[in-house]
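J.: Structure below; questions to follow.
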Amino acid sequence: MAEKLFGSAIRRREDPALITGRAKYTDDLKLPNMAYAAILRSPHAHARITRIDTSKAKALDGVVAVFTAEDVEQSGVPGQIPVGWLLPNMKMPPRSLLAKDRVRYVGEAVAVVVAEDRYTAHDALELIEVDYEPLPAVADPAKAAQEGAPLVHENEPDNIAFDWEIGDKEATDQAFAQAAHTVSLELVNNRLIPNAVEPRAALADYDPINGKLTLWMTTQNPHIHRLLMSLASLGLPEHKIRVIAPEVGGGFGSKIHHYPDEAIVSWCAIQLGRPVKWQATRSETYMTDAHGRDHVTHAELAVDENGKIIGLRVHTYANMGAYYSTFAPAVPTYLYGTLLSGQYEIPNIHCRVQGIFTHTTPVDAYRGAGRPEATFVVERLVDAMARKLGMDPAEFRRRNFIPPDKFPYDTPVALQYDSGNYEGALNKALEAAGYEQLRKEQEEARKQGRYIGIGLSSYIEACGIAPSAVVGALGAQAGLWESAIVRVHPTGKVTVYSGSSAHGQGHKTTFAQLVSDMLGVPYDDIEIIQGDTDEVQYGWGTYGSRSAAVGGSAIAVSAQKVIEKGRKIAAHLLEAAEDDVAFEAGKYYVKGAPDKSLTIQEVALQAYLAHNLPPGIEPALEAVSFYDPANFTFPFGTHIAVVEVDPDSGEVKLLRYVAVDDCGKVINPMIVEGQIHGGIAQGVGQALYEGAVYDENGNLVTGTLLDYAVPKARFLPSFELDRTVTPCPHNPLGVKGVGEAGTIAASAAVVNAVVDALAPFGVEHIDMPVTPEKVWRAIQGAGK
Amino acid sequence: MRINGEYVIKGAREKVYELLQDPDFLTKAIPGVQRLERTGNDTYEVTMKASVGPISSTFTGTVQISEQRPPEFYRLTIQGHGAAGFVRGTGTVTLVEVPEGTKIVYEGETDVGGRIAQVGQRLIQSVARKMINDGLKVLEAVVSGQ
């Protein structure tokens, strides 16, 4: 192998199938005798169901069956949707596949129709008669937390799902009492809708002869879905369920979770003994895909007389929606409270989070999951304090960064940052942006009545969440290691089985790059298999920017094991001592005698023929590993947004966006940049455009792409990207994660820029999305 | 959602009042009504087809009339549902004699939910206004034609 592929921006092997339309998504799959499901959803945010009459729907020509909660109950399956992360003293209201007596959010599944074709199934939905007795609803988490609010779960005394805290309250209060200066902000972190380009879908096929269910579905983690289907929903033994992720069109977290719908479709296939397919409409995804964010926060920062941060105090209401989605309790707690130290030395932190049930769609992980919310709190406070002190925001950050010689650094909120060079990334970003010059231009522009703003966001990310024992102690009902099998075939071709499960990330390219380099096998000789529970040993899937750091490391460990086994066989065949055999670029050779050599392909063939293996060595050439990382990885960086605000219309124009990220070593720079581009777009989307809105009665009024503004390409400038490289010290590849970095940084950078632009008006904060109306009102309302 | 407005019709107040409670007339006047029957003294059952933006659906429901003070006032309580969602609300109709004839003053407050709320929220008010205006034009034609 001449060139190293690790670090090379090769094109993705996934793309030819995707851009020529040959890729097969769940809805492209067809099976003989397949029927189609459609799901009836509650139009009420909160109502008692007093009667369901399915007779007219059943009578419609082409309808195979109509089922309600009663049918599921009578079938004797567990029929539950469980929660996968437990917190101390959290309420545990049950959630069933179909609503029985009561609906608790608009979109909750009430009945299912199975028909010979999709149109008939949807037509039949209109013939199901459901009598609802509407009840009062509450959608806002701060309101739902108050006494006397309508109860989401009528058997509970209130809507407070859990009351969690981290850090030292007493010490933090004391720090505030001694502070030279404090600032406080009321922050709303707006609710977001994931908008994966492919809506969720499932195709279930049950073989009654051997009792096995095969389920193709839009999943980021097929093994987790198999586990939860087996234990909680269907009661089928785990080995009798095969979950396959075909091509999956994006997820951003929304396809991690175990929803009722895919379980309902599976249950229908089992009942009917024929394949059943369900494809969500875009409207259904808006109502049922777990939403993201939705925090109402009071946050305060304290500094001493030298401008050094001495305390951070946060109280957050986190909207859970009507039920816990799969990992929902972790998102506003261990993925949020633990990140509140940001990039800074903050000796005292206290954070209290109350998870709140409301009559809304469940909320769970969405790209960044807790970390964008934490970054928003920290970076908004840091900017507010810099302004209060009359200090440049870059200088205030610099003064408070954890210096490079203090790593590993223990924060007061449970994490140990393993590495970092925060000032390095900040300086590079300032230089790339031409910060000094920008400040001068800002000054000049103000004289002309133009309002330019410069916003910084120095973020910390904790991804590749691990190790399993630690997350278990925090409440995870899951492990967070990853498996990999590297199998070298007799001809020297390689198949890699990974527990990661891509849905757009390009694993087939990046994993093949690293295996090609390690084994010295041509890139095209390597196949990557993932997303199938019958093929892959086990896997916890793809989310939390874990695939390279955890999944990739597992592959590296397996590849190394293959190399070592090959070395034993090669040494035997070359009649040399194992220690004297070197491996380089796909070749085993005797040190000092490079012409005495065997290629890995020759060794593989001998390993399979097994005619002449060393004693104690089993035939074949493959290795399996289960890699459980020693810690999270901690990517970081500084993003800078430059905006211009039109004070008359309130319109915000994003002029420039500079991002310097440190995600450790980079396997494929093009893929890394693609991730950052997409992440920034979503972060800017949250800051300027996106927001899921419920009305007073719990109706989702931003229920379509017309009402919910996903940013378009023309809203965004060309991003200016750069990197620093601080390798992860604890994994074999030195890689961290990058899937969420852009989203984590961007919303704070943009809002800081807008608030900076409006400083002459005395505007101190504007909630996201920063729409022209809000900007205009802020300008009118602020005391100039 | 609040809906209110007023409309002046050349015609006698008694006649207008009468028509506004006549099922046959209302079936003709309100766009999309397929069936409107008096099922009790003050209760009507209605089936109607309505379109809001891309959503078109058949609704069934009841209209209850109360606080009648002919020929000047009555209150309506409506509830209806269909595959595309539900509507419920109350409203009042006041008829005032004016030199040009009769002024109809209507005021209502409705809750809308389901798919029409999700997809058509921005359009509901203008659709409702158009349906009312279309109905009033028919009313005007009938009243002035006699």
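The chains in the structure tokens are called A, B, ... from first to last as shown; in each chain the residues are counted from 1, and the ligands are counted from 1 in the order shown.
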Taking only C-alpha atoms into account, report as a ChimeraX atom specification which residues of chain B lie within 9 Å of chain A.
T.: /B:57,82-86,111-115,117-122
J.: Please provide the set of residues having any atom within 10 Å of range 608-623 of chain A, restricted to only C-alpha atoms, with same-chain residues fewer than 3 positions apart removed, written as a VMD selection string.
T.: chain A and resid 484 to 492 494 to 496 555 557 to 566 568 to 573 600 603 to 605
J.: Within 8 Å of range 176-192 of chain A, counting only C-alpha atoms, which residues qualify if same-chain residues fewer than 2 places away don't, as JSON, numbers by chain?
T.: {"A": [172, 173, 174, 194, 291, 292, 293, 294, 295, 296, 297, 298, 299, 300, 301, 302, 303, 304, 305, 310, 311, 373, 377, 381, 384, 385, 388, 686, 690, 691, 692, 693, 765, 767, 768, 769]}
J.: Output as a PyMOL selection string all residues of range 32-127 of chain B that backbone DSSP marks as alpha helix (DSSP H).
T.: chain B and resi 115-127
J.: Excluding same-chain residues fewer than 2 positions from range 87-104 of chain B, what lies within 8 Å of it counting only C-alpha atoms, as a PyMOL selection string?
T.: chain B and resi 6-13+16-17+71-81+85+106-113
J.: So how many Å separate CA of Met1 in chain B and CA of Pro136 in chain A, to one decimal?
T.: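 Interatomic distance, CA of Met1 in chain B to CA of Pro136 in chain A: 16.5 Å.
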J.: Any idea what the distance is between CA of Arg200 in chain A and CA of Pro78 in chain A?
T.: 23.0 Å
J.: So, with only C-alpha atoms as the atoms that count, which of A:Lys493, A:His677, A:Arg546, A:Arg723 lies closest to Leu519 in chain A?
T.: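 Counting only C-alpha atoms, the residue closest to Leu519 in chain A is A:Lys493.
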J.: Could you check which of B:Leu20, B:Val105, B:Val52, B:Val142 is closest to Gln125 in chain B, using only C-alpha atoms?
T.: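 Looking at the shortest contact to Gln125 in chain B, the residue is B:Val52.
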J.: Need the shell around Tyr206 in chain A: protein/DNA/RNA residues with any atom at most 6 Å away, counting only C-alpha atoms. Skip same-chain ones fewer than 3 positions apart. Format as a VMD selection string?
T.: chain A and resid 212 to 213 269 to 270
J.: Find the residues near Val378 in chain A: any atom within 8 Å, counting only C-alpha atoms, skip ones fewer than 5 places away on the same chain, and give them as a ChimeraX atom specification.
T.: /A:340-342
J.: Taking the backbone alone, and naming residues the way the document does, which bits of range 34-145 of chain B are strand (DSSP E) by DSSP, as a PyMOL selection string?
T.: chain B and resi 34-38+43-52+55-69+73-82+85-98+101-113
J.: Distance CA of Pro711 in chain A-CA of Leu654 in chain A, one decimal place?
T.: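 Value for the CA of Pro711 in chain A-CA of Leu654 in chain A distance: 11.9 Å.
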J.: Skip range 353-365 of chain A itself and residues of its chain fewer than 5 positions away, then list as a list in words all residues within 6 Å of it, counting only C-alpha atoms.
T.: Ala45, Arg104, Tyr105, Ala137, Val138, Ala139, Pro141, Asn159, Ile160, Ala161, Phe162, Asp163, Trp164, Gly253, Ala290, His291, Gly292, His315, Thr316, Tyr317, Ala318, Asn319, Met320, Gly321, Ala322, Tyr323, Ser325 and Ala328 of chain A
